file run_24.tsv (TSV, C-alpha atoms and all ligand atoms)
chain	number	residue	atom	x	y	z
A	1	MET	CA	-29.79	17.74	-14.25
A	2	ASN	CA	-26.65	19.59	-13.20
A	3	GLN	CA	-23.56	17.56	-12.46
A	4	VAL	CA	-22.07	18.79	-9.20
A	5	ILE	CA	-18.31	19.38	-9.34
A	6	ASP	CA	-16.07	19.85	-6.31
A	7	ASN	CA	-13.54	22.64	-5.68
A	8	HIS	CA	-10.81	20.56	-7.37
A	9	GLY	CA	-12.82	20.05	-10.56
A	10	ARG	CA	-13.86	16.48	-9.77
A	11	PRO	CA	-17.42	15.49	-10.77
A	12	ILE	CA	-19.20	13.84	-7.83
A	13	ASN	CA	-21.59	11.14	-8.96
A	14	TYR	CA	-21.19	8.37	-6.41
A	15	LEU	CA	-22.56	7.96	-2.88
A	16	ARG	CA	-21.47	5.27	-0.46
A	17	LEU	CA	-24.23	4.88	2.07
A	18	ALA	CA	-23.66	2.94	5.28
A	19	VAL	CA	-27.13	1.83	6.32
A	20	THR	CA	-26.11	0.43	9.71
A	21	ASP	CA	-23.07	0.26	11.97
A	22	ARG	CA	-23.98	-3.27	13.11
A	23	CYS	CA	-22.22	-6.31	11.82
A	24	ASN	CA	-22.46	-10.06	12.26
A	25	LEU	CA	-18.70	-10.59	11.88
A	26	ARG	CA	-15.92	-9.20	14.07
A	27	CYS	CA	-13.03	-8.87	11.63
A	28	PHE	CA	-10.07	-8.02	13.82
A	29	TYR	CA	-8.86	-5.23	11.49
A	30	CYS	CA	-12.27	-3.54	11.55
A	31	MET	CA	-13.94	-4.00	14.94
A	32	PRO	CA	-12.92	-4.91	18.45
A	33	GLU	CA	-14.11	-8.33	19.62
A	34	GLU	CA	-16.23	-6.97	22.45
A	35	GLY	CA	-17.42	-3.70	23.93
A	36	ILE	CA	-18.70	-2.17	20.72
A	37	LYS	CA	-21.01	0.74	21.34
A	38	TYR	CA	-23.59	0.56	18.60
A	39	VAL	CA	-25.44	3.72	17.68
A	40	PRO	CA	-28.89	3.73	19.37
A	41	LYS	CA	-31.68	3.24	16.82
A	42	PRO	CA	-33.20	6.75	17.11
A	43	HIS	CA	-29.81	8.21	16.15
A	44	LEU	CA	-29.74	6.28	12.90
A	45	LEU	CA	-31.09	7.77	9.71
A	46	THR	CA	-34.45	6.17	8.95
A	47	TRP	CA	-35.00	4.51	5.58
A	48	GLU	CA	-37.20	7.46	4.60
A	49	GLU	CA	-34.48	9.97	5.53
A	50	MET	CA	-31.92	8.04	3.52
A	51	GLU	CA	-34.18	7.90	0.51
A	52	ARG	CA	-34.78	11.63	0.74
A	53	VAL	CA	-31.05	12.38	0.78
A	54	ILE	CA	-30.50	10.10	-2.19
A	55	ARG	CA	-33.24	11.85	-4.16
A	56	ILE	CA	-31.56	15.20	-3.46
A	57	LEU	CA	-28.18	13.84	-4.52
A	58	VAL	CA	-29.61	12.37	-7.71
A	59	ARG	CA	-30.86	15.84	-8.58
A	60	MET	CA	-27.26	17.03	-8.10
A	61	GLY	CA	-25.92	14.43	-10.53
A	62	VAL	CA	-25.25	11.39	-8.36
A	63	ASP	CA	-26.18	8.34	-10.42
A	64	LYS	CA	-24.55	5.54	-8.47
A	65	VAL	CA	-25.10	4.40	-4.88
A	66	ARG	CA	-23.26	1.72	-2.99
A	67	ILE	CA	-25.07	0.28	0.00
A	68	THR	CA	-22.66	-0.74	2.71
A	69	GLY	CA	-22.30	-0.69	6.50
A	70	GLY	CA	-21.82	-2.42	8.97
A	71	GLU	CA	-23.45	-5.35	7.29
A	72	PRO	CA	-26.38	-4.02	5.24
A	73	PHE	CA	-28.39	-7.24	5.49
A	74	VAL	CA	-28.60	-7.16	9.28
A	75	ARG	CA	-30.84	-4.07	9.21
A	76	ARG	CA	-34.53	-4.92	8.98
A	77	GLY	CA	-36.23	-3.41	5.93
A	78	ILE	CA	-33.18	-3.43	3.65
A	79	MET	CA	-34.88	-5.33	0.82
A	80	GLU	CA	-37.85	-2.94	0.78
A	81	PHE	CA	-35.41	-0.01	0.79
A	82	LEU	CA	-33.53	-1.44	-2.19
A	83	GLU	CA	-36.83	-1.89	-3.97
A	84	GLU	CA	-37.69	1.81	-3.33
A	85	LEU	CA	-34.28	2.94	-4.58
A	86	SER	CA	-34.68	0.91	-7.74
A	87	GLN	CA	-37.67	3.14	-8.61
A	88	ILE	CA	-35.70	6.42	-8.46
A	89	GLU	CA	-35.35	7.87	-11.91
A	90	GLY	CA	-31.79	8.92	-12.67
A	91	LEU	CA	-30.22	6.47	-10.25
A	92	GLN	CA	-28.42	4.24	-12.72
A	93	GLN	CA	-26.65	1.82	-10.42
A	94	ILE	CA	-27.27	0.39	-7.00
A	95	ASN	CA	-24.37	-1.74	-5.81
A	96	ILE	CA	-23.95	-3.52	-2.51
A	97	THR	CA	-20.99	-4.42	-0.34
A	98	THR	CA	-21.68	-7.40	1.89
A	99	ASN	CA	-19.86	-9.98	3.94
A	100	GLY	CA	-22.16	-12.63	2.46
A	101	VAL	CA	-23.18	-14.25	5.75
A	102	LEU	CA	-26.94	-13.71	5.25
A	103	THR	CA	-26.94	-12.90	1.55
A	104	ALA	CA	-27.23	-16.21	-0.35
A	105	PRO	CA	-31.01	-16.70	0.07
A	106	LEU	CA	-31.61	-13.07	-0.95
A	107	VAL	CA	-29.72	-13.27	-4.24
A	108	PRO	CA	-32.79	-14.13	-6.38
A	109	ASP	CA	-34.55	-11.04	-5.00
A	110	LEU	CA	-31.48	-8.87	-5.55
A	111	LYS	CA	-31.49	-10.01	-9.16
A	112	ARG	CA	-35.20	-9.22	-9.52
A	113	ILE	CA	-34.72	-5.74	-8.01
A	114	GLY	CA	-32.02	-5.06	-10.57
A	115	ILE	CA	-28.84	-5.14	-8.50
A	116	LYS	CA	-26.11	-5.64	-11.07
A	117	SER	CA	-22.98	-5.70	-8.98
A	118	VAL	CA	-22.07	-6.98	-5.52
A	119	ASN	CA	-18.79	-6.64	-3.67
A	120	LEU	CA	-18.27	-9.65	-1.47
A	121	SER	CA	-15.75	-9.25	1.32
A	122	LEU	CA	-13.77	-12.45	1.76
A	123	ASP	CA	-10.31	-12.49	3.29
A	124	SER	CA	-9.60	-16.20	3.16
A	125	LEU	CA	-10.68	-19.36	1.36
A	126	ASP	CA	-9.55	-21.43	4.31
A	127	ARG	CA	-12.26	-21.97	6.91
A	128	GLN	CA	-9.91	-21.81	9.90
A	129	ARG	CA	-8.14	-18.67	8.66
A	130	PHE	CA	-11.53	-17.13	7.90
A	131	PHE	CA	-12.52	-17.83	11.50
A	132	ASP	CA	-9.26	-16.42	12.87
A	133	ILE	CA	-9.78	-13.17	10.96
A	134	THR	CA	-13.55	-12.70	11.40
A	135	ARG	CA	-13.97	-14.43	14.81
A	136	ARG	CA	-17.03	-16.22	13.37
A	137	ASP	CA	-17.30	-19.62	11.68
A	138	GLU	CA	-19.31	-18.40	8.70
A	139	PHE	CA	-17.16	-19.36	5.73
A	140	PRO	CA	-19.69	-21.90	4.31
A	141	ASN	CA	-22.47	-19.28	4.22
A	142	VAL	CA	-20.22	-16.74	2.53
A	143	TRP	CA	-19.17	-19.29	-0.05
A	144	GLN	CA	-22.83	-20.07	-0.78
A	145	THR	CA	-23.32	-16.38	-1.47
A	146	PHE	CA	-20.43	-16.41	-3.92
A	147	GLU	CA	-21.96	-19.40	-5.71
A	148	ALA	CA	-25.44	-17.83	-5.75
A	149	LEU	CA	-24.08	-14.58	-7.22
A	150	GLN	CA	-22.37	-16.57	-9.97
A	151	ALA	CA	-25.51	-18.65	-10.61
A	152	TYR	CA	-27.62	-15.50	-10.97
A	153	ASN	CA	-25.03	-13.79	-13.11
A	154	ILE	CA	-24.60	-10.81	-10.80
A	155	SER	CA	-21.23	-9.19	-11.42
A	156	THR	CA	-19.06	-9.98	-8.39
A	157	LYS	CA	-15.98	-8.39	-6.94
A	158	ILE	CA	-14.27	-10.15	-4.07
A	159	ASN	CA	-12.55	-7.76	-1.67
A	160	THR	CA	-9.63	-9.20	0.26
A	161	VAL	CA	-7.72	-7.12	2.78
A	162	VAL	CA	-4.11	-8.33	2.71
A	163	MET	CA	-2.66	-8.70	6.18
A	164	SER	CA	0.79	-9.75	7.08
A	165	GLY	CA	0.86	-12.95	9.13
A	166	LYS	CA	-2.85	-13.57	8.52
A	167	ASN	CA	-3.78	-14.27	4.93
A	168	THR	CA	-0.87	-13.65	2.58
A	169	ASP	CA	-1.01	-17.40	1.81
A	170	ASP	CA	-4.43	-16.71	0.32
A	171	ILE	CA	-3.20	-14.33	-2.36
A	172	ILE	CA	-2.53	-17.04	-4.96
A	173	PRO	CA	-5.62	-19.20	-4.18
A	174	MET	CA	-7.74	-16.03	-4.45
A	175	ALA	CA	-6.10	-15.14	-7.76
A	176	GLU	CA	-6.89	-18.69	-8.93
A	177	LEU	CA	-10.61	-17.92	-8.58
A	178	THR	CA	-10.24	-15.73	-11.67
A	179	ARG	CA	-9.17	-18.74	-13.77
A	180	HIS	CA	-12.67	-20.12	-14.37
A	181	SER	CA	-14.95	-17.35	-13.06
A	182	ALA	CA	-15.47	-13.89	-14.52
A	183	VAL	CA	-14.98	-12.52	-11.01
A	184	SER	CA	-12.83	-9.56	-10.08
A	185	VAL	CA	-10.60	-10.30	-7.08
A	186	ARG	CA	-9.36	-7.11	-5.43
A	187	PHE	CA	-6.57	-7.05	-2.91
A	188	ILE	CA	-6.83	-4.11	-0.51
A	189	GLU	CA	-4.09	-2.54	1.58
A	190	GLU	CA	-5.07	-2.59	5.23
A	191	MET	CA	-6.10	0.81	6.65
A	192	PRO	CA	-6.06	2.01	10.27
A	193	PHE	CA	-9.87	1.89	10.64
A	194	ASN	CA	-10.19	-0.77	13.27
A	195	GLY	CA	-12.18	0.80	16.06
A	196	ASP	CA	-9.39	1.25	18.58
A	197	GLY	CA	-6.64	3.08	16.75
A	198	ALA	CA	-4.07	0.30	17.12
A	199	HIS	CA	-2.11	0.03	13.95
A	200	GLU	CA	0.78	-2.35	14.16
A	201	TYR	CA	2.16	-4.29	11.27
A	202	GLN	CA	4.75	-7.03	11.23
A	203	GLU	CA	5.32	-5.82	7.70
A	204	PHE	CA	3.08	-3.81	5.45
A	205	TRP	CA	1.68	-5.41	2.32
A	206	ASN	CA	1.35	-2.45	-0.01
A	207	TYR	CA	0.46	-2.36	-3.69
A	208	PRO	CA	3.98	-3.10	-5.05
A	209	ARG	CA	4.46	-5.92	-2.58
A	210	ILE	CA	1.15	-7.59	-3.50
A	211	LEU	CA	1.93	-7.20	-7.19
A	212	ASP	CA	5.36	-8.80	-6.72
A	213	GLU	CA	3.75	-11.80	-5.08
A	214	LEU	CA	1.36	-12.18	-8.01
A	215	LYS	CA	4.18	-11.78	-10.53
A	216	LYS	CA	6.15	-14.59	-8.89
A	217	ALA	CA	3.28	-17.02	-9.52
A	218	TYR	CA	2.08	-15.50	-12.79
A	219	PRO	CA	4.99	-13.89	-14.66
A	220	GLY	CA	2.67	-13.10	-17.60
A	221	ILE	CA	0.23	-11.03	-15.52
A	222	TYR	CA	-0.47	-7.84	-17.42
A	223	LYS	CA	-1.93	-4.42	-16.68
A	224	LEU	CA	-5.42	-3.54	-17.87
A	225	PRO	CA	-6.57	0.02	-18.48
A	226	ASP	CA	-8.21	1.39	-15.32
A	227	PRO	CA	-11.75	2.77	-15.73
A	228	PRO	CA	-12.20	6.46	-14.83
A	229	ALA	CA	-12.32	7.09	-11.04
A	230	SER	CA	-11.17	3.53	-10.42
A	231	THR	CA	-9.74	2.88	-6.98
A	232	SER	CA	-8.04	-0.30	-8.17
A	233	TYR	CA	-5.06	-0.91	-10.41
A	234	ASN	CA	-6.31	-3.66	-12.64
A	235	TYR	CA	-4.57	-6.72	-14.03
A	236	GLN	CA	-5.32	-9.98	-15.77
A	237	ILE	CA	-3.57	-13.32	-15.85
A	238	PRO	CA	-3.31	-14.72	-19.39
A	239	GLY	CA	-6.07	-17.26	-20.06
A	240	HIS	CA	-8.06	-16.35	-16.95
A	241	GLN	CA	-11.69	-15.25	-17.26
A	242	GLY	CA	-11.69	-12.85	-14.34
A	243	THR	CA	-9.49	-9.92	-13.40
A	244	ILE	CA	-7.39	-8.84	-10.45
A	245	GLY	CA	-7.35	-5.43	-8.81
A	246	ILE	CA	-5.09	-3.93	-6.18
A	247	ILE	CA	-6.46	-1.08	-4.08
A	248	ALA	CA	-3.82	1.17	-2.54
A	249	ALA	CA	-6.24	2.27	0.15
A	250	PHE	CA	-3.57	3.23	2.65
A	251	SER	CA	-1.12	4.71	0.14
A	252	ARG	CA	-3.98	6.85	-1.23
A	253	THR	CA	-2.75	7.17	-4.77
A	254	PHE	CA	-6.18	7.50	-6.38
A	255	CYS	CA	-7.59	10.68	-4.80
A	256	GLY	CA	-7.08	12.83	-7.93
A	257	THR	CA	-10.13	11.27	-9.59
A	258	CYS	CA	-12.24	10.64	-6.49
A	259	ASN	CA	-15.94	10.97	-7.39
A	260	ARG	CA	-17.46	9.83	-4.11
A	261	LEU	CA	-19.30	11.03	-1.07
A	262	ARG	CA	-20.07	9.04	2.05
A	263	LEU	CA	-22.99	9.10	4.42
A	264	THR	CA	-22.68	7.35	7.77
A	265	PRO	CA	-25.59	5.54	9.49
A	266	GLN	CA	-26.07	8.49	11.85
A	267	GLY	CA	-26.21	11.01	9.02
A	268	GLN	CA	-22.69	12.37	8.95
A	269	PHE	CA	-21.62	13.53	5.54
A	270	ARG	CA	-18.04	12.78	4.59
A	271	THR	CA	-16.33	14.03	1.49
A	272	CYS	CA	-13.36	11.74	2.13
A	273	LEU	CA	-12.91	8.43	3.94
A	274	TYR	CA	-10.18	10.05	6.01
A	275	ASP	CA	-12.11	13.14	7.17
A	276	ASP	CA	-14.15	13.22	10.36
A	277	GLY	CA	-17.45	14.36	8.94
A	278	VAL	CA	-18.26	17.70	7.40
A	279	PHE	CA	-21.83	18.11	8.69
A	280	ASN	CA	-24.71	16.04	9.97
A	281	ILE	CA	-27.64	15.87	7.59
A	282	ARG	CA	-29.86	13.93	10.03
A	283	ASP	CA	-29.86	16.90	12.40
A	284	LEU	CA	-30.71	19.30	9.60
A	285	ILE	CA	-33.53	17.06	8.35
A	286	ARG	CA	-34.93	16.78	11.88
A	287	GLN	CA	-34.79	20.58	12.24
A	288	GLY	CA	-37.25	20.66	9.34
A	289	LEU	CA	-35.02	22.12	6.62
A	290	ASN	CA	-36.33	21.84	3.09
A	291	ASP	CA	-34.64	20.01	0.21
A	292	GLU	CA	-33.26	23.18	-1.30
A	293	THR	CA	-31.45	24.13	1.89
A	294	LEU	CA	-30.14	20.61	2.37
A	295	GLN	CA	-28.82	20.73	-1.17
A	296	THR	CA	-27.00	23.98	-0.37
A	297	TYR	CA	-25.27	22.35	2.61
A	298	ILE	CA	-24.12	19.47	0.44
A	299	TYR	CA	-22.96	21.83	-2.28
A	300	GLU	CA	-20.98	23.97	0.19
A	301	ALA	CA	-19.28	20.89	1.65
A	302	LEU	CA	-18.20	19.88	-1.83
A	303	GLN	CA	-16.71	23.32	-2.42
A	304	ASN	CA	-14.46	22.85	0.58
A	305	ARG	CA	-13.31	19.34	-0.16
A	306	ALA	CA	-9.80	18.19	0.72
A	307	LYS	CA	-7.52	17.58	-2.25
A	308	ASP	CA	-6.65	14.10	-1.04
A	309	GLY	CA	-6.82	11.71	1.90
A	310	PHE	CA	-3.70	13.18	3.48
A	311	GLU	CA	-5.14	16.70	3.55
A	312	ALA	CA	-8.44	15.33	4.88
A	313	GLU	CA	-6.63	13.49	7.66
A	314	ALA	CA	-4.60	16.59	8.57
A	315	ARG	CA	-7.79	18.67	8.82
A	316	ARG	CA	-9.49	16.30	11.26
A	317	LYS	CA	-10.83	17.92	14.41
A	318	VAL	CA	-10.75	14.68	16.42
A	319	GLY	CA	-7.19	13.46	16.01
A	320	VAL	CA	-5.90	10.30	14.44
A	321	VAL	CA	-7.91	7.95	12.29
A	322	SER	CA	-9.14	5.12	14.48
A	323	GLU	CA	-12.88	4.66	14.05
A	324	SER	CA	-14.16	1.36	12.71
A	325	MET	CA	-14.94	1.07	9.01
A	326	SER	CA	-18.30	-0.28	10.09
A	327	THR	CA	-19.27	3.16	11.37
A	328	ILE	CA	-18.00	5.00	8.28
A	329	GLY	CA	-19.05	2.57	5.61
A	330	GLY	CA	-16.25	0.64	3.98
B	1	LIG	N1	-20.18	-5.71	6.06
B	1	LIG	C1	-19.91	-5.42	4.69
B	1	LIG	C2	-18.71	-6.19	4.22
B	1	LIG	O1	-18.08	-6.90	4.99
B	1	LIG	O2	-18.42	-6.11	3.03
B	1	LIG	C3	-19.72	-3.93	4.39
B	1	LIG	C4	-18.93	-3.10	5.34
B	1	LIG	S1	-17.21	-3.50	5.48
B	1	LIG	C5	-16.70	-2.26	6.65
B	1	LIG	C6	-16.62	-2.95	3.92
B	1	LIG	C7	-15.23	-3.30	3.55
B	1	LIG	O3	-14.33	-2.56	4.37
B	1	LIG	C8	-14.87	-4.77	3.70
B	1	LIG	O4	-14.40	-5.26	2.48
B	1	LIG	C9	-13.76	-4.74	4.72
B	1	LIG	O5	-12.83	-5.74	4.49
B	1	LIG	C10	-13.19	-3.36	4.53
B	1	LIG	N2	-12.42	-2.90	5.69
B	1	LIG	C11	-12.84	-2.79	6.97
B	1	LIG	N3	-11.84	-2.35	7.78
B	1	LIG	C12	-10.76	-2.19	6.98
B	1	LIG	C13	-9.44	-1.78	7.21
B	1	LIG	N4	-9.01	-1.46	8.42
B	1	LIG	N5	-8.59	-1.75	6.14
B	1	LIG	C14	-9.02	-2.08	4.90
B	1	LIG	N6	-10.27	-2.47	4.61
B	1	LIG	C15	-11.13	-2.54	5.64

call {"tool": "encode", "arguments": {"input": "run_24.tsv", "output": "structure tokens"}}
result
Amino acid sequence: MNQVIDNHGRPINYLRLAVTDRCNLRCFYCMPEEGIKYVPKPHLLTWEEMERVIRILVRMGVDKVRITGGEPFVRRGIMEFLEELSQIEGLQQINITTNGVLTAPLVPDLKRIGIKSVNLSLDSLDRQRFFDITRRDEFPNVWQTFEALQAYNISTKINTVVMSGKNTDDIIPMAELTRHSAVSVRFIEEMPFNGDGAHEYQEFWNYPRILDELKKAYPGIYKLPDPPASTSYNYQIPGHQGTIGIIAAFSRTFCGTCNRLRLTPQGQFRTCLYDDGVFNIRDLIRQGLNDETLQTYIYEALQNRAKDGFEAEARRKVGVVSESMSTIGG
């Protein structure tokens, strides 16, 4: 197996695959409330096409896949797909990002399939605030998912987007979850991927600001070493079982070690979250190209990869970043 390396010397071993653009929540920072134009089904990659691309990537040295979306569990056939992926030799890790609305009853099967780590998106522990942010009253189901993941000992990261005027009062209660659970709570800077391009902040909660808030409540909070290619700056509160991470997603301070590729539900390859797609692999597959040629396309895209998210954004052909994360795969 050859490990593919990009034009900036970064090994690429991680794919984030958005299996659908559909979602059962309407988080205001991600999707508009109404009028969403979902991709018609024939335009989506089929499960077979996705599996084929993953097999090619594994031959190029990708050993980790994150399944995301949209909400992965709203697409029919997801569990069978995960089962298929779990059989691919060389694919060491299959992780999932979910909003947890439909996930709790599936946790025993996820455990059986061998899913070791789940990122659960949860922006508030308060049912009303959860509703205000997501426009759906689903907090109890999400919480059941959290409890099921703990019960089945699946490593859990909670992702919380920090938004001024919305959930900054949740920062400390979220951090408290790490007291008795070995969970990793990650606070994420809000990004402009909300489906309509609007990007107004009362004030911006960036990494230093979030850290200050934590330090006020926990003066002893200390820095942990960050694993290679980590997107989060990691911390721990003395005596707590879990850890805290802060992801400077908007400040983009972690691009130097970026090891990831993205594939959208309609087959667009992205070598950066902030680019607008480097080529469409669905079209190439449906033209009948063989694996070797597809591999060459992927390789070439990686040899022309932007140095960081700012360069990727500047190179965009279609203007400012405004598409929803649900269409890119958060
Ligand atoms: N439906 C799944 C979920 O909720 O986890 C997976 C897809 S969702 C788009 C993935 C992650 O992207 C979520 O944690 C969500 O909070 C995050 N996200 C979406 N829009 C964002 C934005 N504008 N800024 C920061 N994070 C965002």

call {"tool": "closest_residue", "arguments": {"input": "run_24.tsv", "among": "A:Arg136, A:Arg66, A:Arg129, A:Arg112", "to": "A:Asn24", "atoms": "all atoms listed in the file"}}
result
A:Arg136

call {"tool": "residues_around", "arguments": {"input": "run_24.tsv", "residues": "stretch 307-311 of chain A", "least_positions_apart": "2", "cutoff": "10 Å", "atoms": "all atoms listed in the file", "output": "ChimeraX atom specification"}}
result
/A:6-8,10,249-258,271-275,304-305,313-316

call {"tool": "closest_atom_pairs", "arguments": {"input": "run_24.tsv", "of": "chain A", "to": "ligand LIG 1 (chain B)", "cutoff": "8 Å", "atoms": "all atoms listed in the file", "output": "Markdown table"}}
result
| residue | atom | partner | partner_atom | distance |
| --- | --- | --- | --- | --- |
| A:Ala18 | CA | B:LIG1 | C4 | 7.7 |
| A:Cys23 | CA | B:LIG1 | N1 | 6.1 |
| A:Asn24 | CA | B:LIG1 | N1 | 7.9 |
| A:Leu25 | CA | B:LIG1 | N1 | 7.7 |
| A:Cys27 | CA | B:LIG1 | C11 | 7.7 |
| A:Tyr29 | CA | B:LIG1 | N4 | 4.9 |
| A:Cys30 | CA | B:LIG1 | N3 | 4.0 |
| A:Met31 | CA | B:LIG1 | N3 | 7.6 |
| A:Thr68 | CA | B:LIG1 | C3 | 4.7 |
| A:Gly69 | CA | B:LIG1 | C4 | 4.3 |
| A:Gly70 | CA | B:LIG1 | N1 | 4.7 |
| A:Glu71 | CA | B:LIG1 | N1 | 3.5 |
| A:Pro72 | CA | B:LIG1 | N1 | 6.5 |
| A:Thr97 | CA | B:LIG1 | O2 | 4.6 |
| A:Thr98 | CA | B:LIG1 | O2 | 3.7 |
| A:Asn99 | CA | B:LIG1 | O1 | 3.7 |
| A:Gly100 | CA | B:LIG1 | O1 | 7.5 |
| A:Asn119 | CA | B:LIG1 | O2 | 6.7 |
| A:Leu120 | CA | B:LIG1 | O2 | 5.7 |
| A:Ser121 | CA | B:LIG1 | O4 | 4.4 |
| A:Leu122 | CA | B:LIG1 | O4 | 7.3 |
| A:Asp123 | CA | B:LIG1 | O5 | 7.3 |
| A:Asn159 | CA | B:LIG1 | O4 | 5.2 |
| A:Thr160 | CA | B:LIG1 | O5 | 6.3 |
| A:Val161 | CA | B:LIG1 | O5 | 5.6 |
| A:Ile188 | CA | B:LIG1 | C14 | 6.2 |
| A:Glu189 | CA | B:LIG1 | C14 | 6.0 |
| A:Glu190 | CA | B:LIG1 | N5 | 3.7 |
| A:Met191 | CA | B:LIG1 | N5 | 3.6 |
| A:Pro192 | CA | B:LIG1 | N4 | 4.9 |
| A:Phe193 | CA | B:LIG1 | N4 | 4.1 |
| A:Asn194 | CA | B:LIG1 | N4 | 5.0 |
| A:Ala249 | CA | B:LIG1 | C14 | 7.0 |
| A:Phe250 | CA | B:LIG1 | N5 | 7.9 |
| A:Ser324 | CA | B:LIG1 | N3 | 6.6 |
| A:Met325 | CA | B:LIG1 | C5 | 4.4 |
| A:Ser326 | CA | B:LIG1 | C5 | 4.3 |
| A:Thr327 | CA | B:LIG1 | C5 | 7.6 |
| A:Ile328 | CA | B:LIG1 | C5 | 7.6 |
| A:Gly329 | CA | B:LIG1 | C5 | 5.5 |
| A:Gly330 | CA | B:LIG1 | C6 | 3.6 |

call {"tool": "residues_around", "arguments": {"input": "run_24.tsv", "residues": "A:Pro238", "least_positions_apart": "4", "cutoff": "9 Å", "atoms": "all atoms listed in the file", "output": "list in words"}}
result
Tyr218, Gly220, Ile221 and Tyr222 of chain A

call {"tool": "closest_residue", "arguments": {"input": "run_24.tsv", "among": "A:Ile5, A:Val107, A:Val39, A:Ile158", "to": "A:Phe73", "atoms": "all atoms listed in the file"}}
result
A:Val107

call {"tool": "atom_distance", "arguments": {"input": "run_24.tsv", "atom1": "atom CA of A:Ser181", "atom2": "atom CA of A:Ile113"}}
result
23.5 Å

call {"tool": "closest_residue", "arguments": {"input": "run_24.tsv", "among": "A:Arg26, A:Leu15, A:Glu203, A:Leu57", "to": "A:Thr296", "atoms": "only C-alpha atoms"}}
result
A:Leu57

call {"tool": "closest_residue", "arguments": {"input": "run_24.tsv", "among": "A:Pro219, A:Pro11, A:Gly277, A:Gly35", "to": "A:Ile237", "atoms": "only C-alpha atoms"}}
result
A:Pro219

call {"tool": "closest_residue", "arguments": {"input": "run_24.tsv", "among": "A:Ile172, A:Ile78, A:Val183, A:Ile247", "to": "A:Glu213", "atoms": "only C-alpha atoms"}}
result
A:Ile172

call {"tool": "build_atoms", "arguments": {"input": "run_24.tsv", "residues": "stretch 205-219 of chain A", "atoms": "N, CA and C atoms", "output": "short mmCIF file (atom, residue, chain, number, x, y, z; two decimals), keeping the file's coordinate frame"}}
result
data_model
loop_
_atom_site.label_atom_id
_atom_site.label_comp_id
_atom_site.auth_asym_id
_atom_site.auth_seq_id
_atom_site.Cartn_x
_atom_site.Cartn_y
_atom_site.Cartn_z
N TRP A 205 1.88 -4.92 3.68
CA TRP A 205 1.68 -5.41 2.32
C TRP A 205 1.04 -4.30 1.49
N ASN A 206 1.89 -3.53 0.82
CA ASN A 206 1.35 -2.45 -0.01
C ASN A 206 1.21 -2.93 -1.45
N TYR A 207 0.73 -2.03 -2.28
CA TYR A 207 0.46 -2.36 -3.69
C TYR A 207 1.66 -3.04 -4.37
N PRO A 208 2.87 -2.44 -4.34
CA PRO A 208 3.98 -3.10 -5.05
C PRO A 208 4.29 -4.50 -4.50
N ARG A 209 4.14 -4.63 -3.19
CA ARG A 209 4.46 -5.92 -2.58
C ARG A 209 3.45 -7.00 -3.01
N ILE A 210 2.19 -6.64 -3.06
CA ILE A 210 1.15 -7.59 -3.50
C ILE A 210 1.38 -7.95 -4.97
N LEU A 211 1.70 -6.94 -5.77
CA LEU A 211 1.93 -7.20 -7.19
C LEU A 211 3.13 -8.13 -7.39
N ASP A 212 4.19 -7.92 -6.61
CA ASP A 212 5.36 -8.80 -6.72
C ASP A 212 4.99 -10.25 -6.45
N GLU A 213 4.16 -10.45 -5.43
CA GLU A 213 3.75 -11.80 -5.08
C GLU A 213 2.98 -12.44 -6.25
N LEU A 214 2.12 -11.66 -6.87
CA LEU A 214 1.36 -12.18 -8.01
C LEU A 214 2.29 -12.48 -9.19
N LYS A 215 3.26 -11.59 -9.39
CA LYS A 215 4.18 -11.78 -10.53
C LYS A 215 5.03 -13.04 -10.38
N LYS A 216 5.35 -13.38 -9.11
CA LYS A 216 6.15 -14.59 -8.89
C LYS A 216 5.38 -15.83 -9.38
N ALA A 217 4.08 -15.86 -9.12
CA ALA A 217 3.28 -17.02 -9.52
C ALA A 217 2.81 -16.92 -10.97
N TYR A 218 2.61 -15.69 -11.43
CA TYR A 218 2.08 -15.50 -12.79
C TYR A 218 2.94 -14.45 -13.51
N PRO A 219 4.09 -14.88 -14.05
CA PRO A 219 4.99 -13.89 -14.66
C PRO A 219 4.33 -13.14 -15.82
#
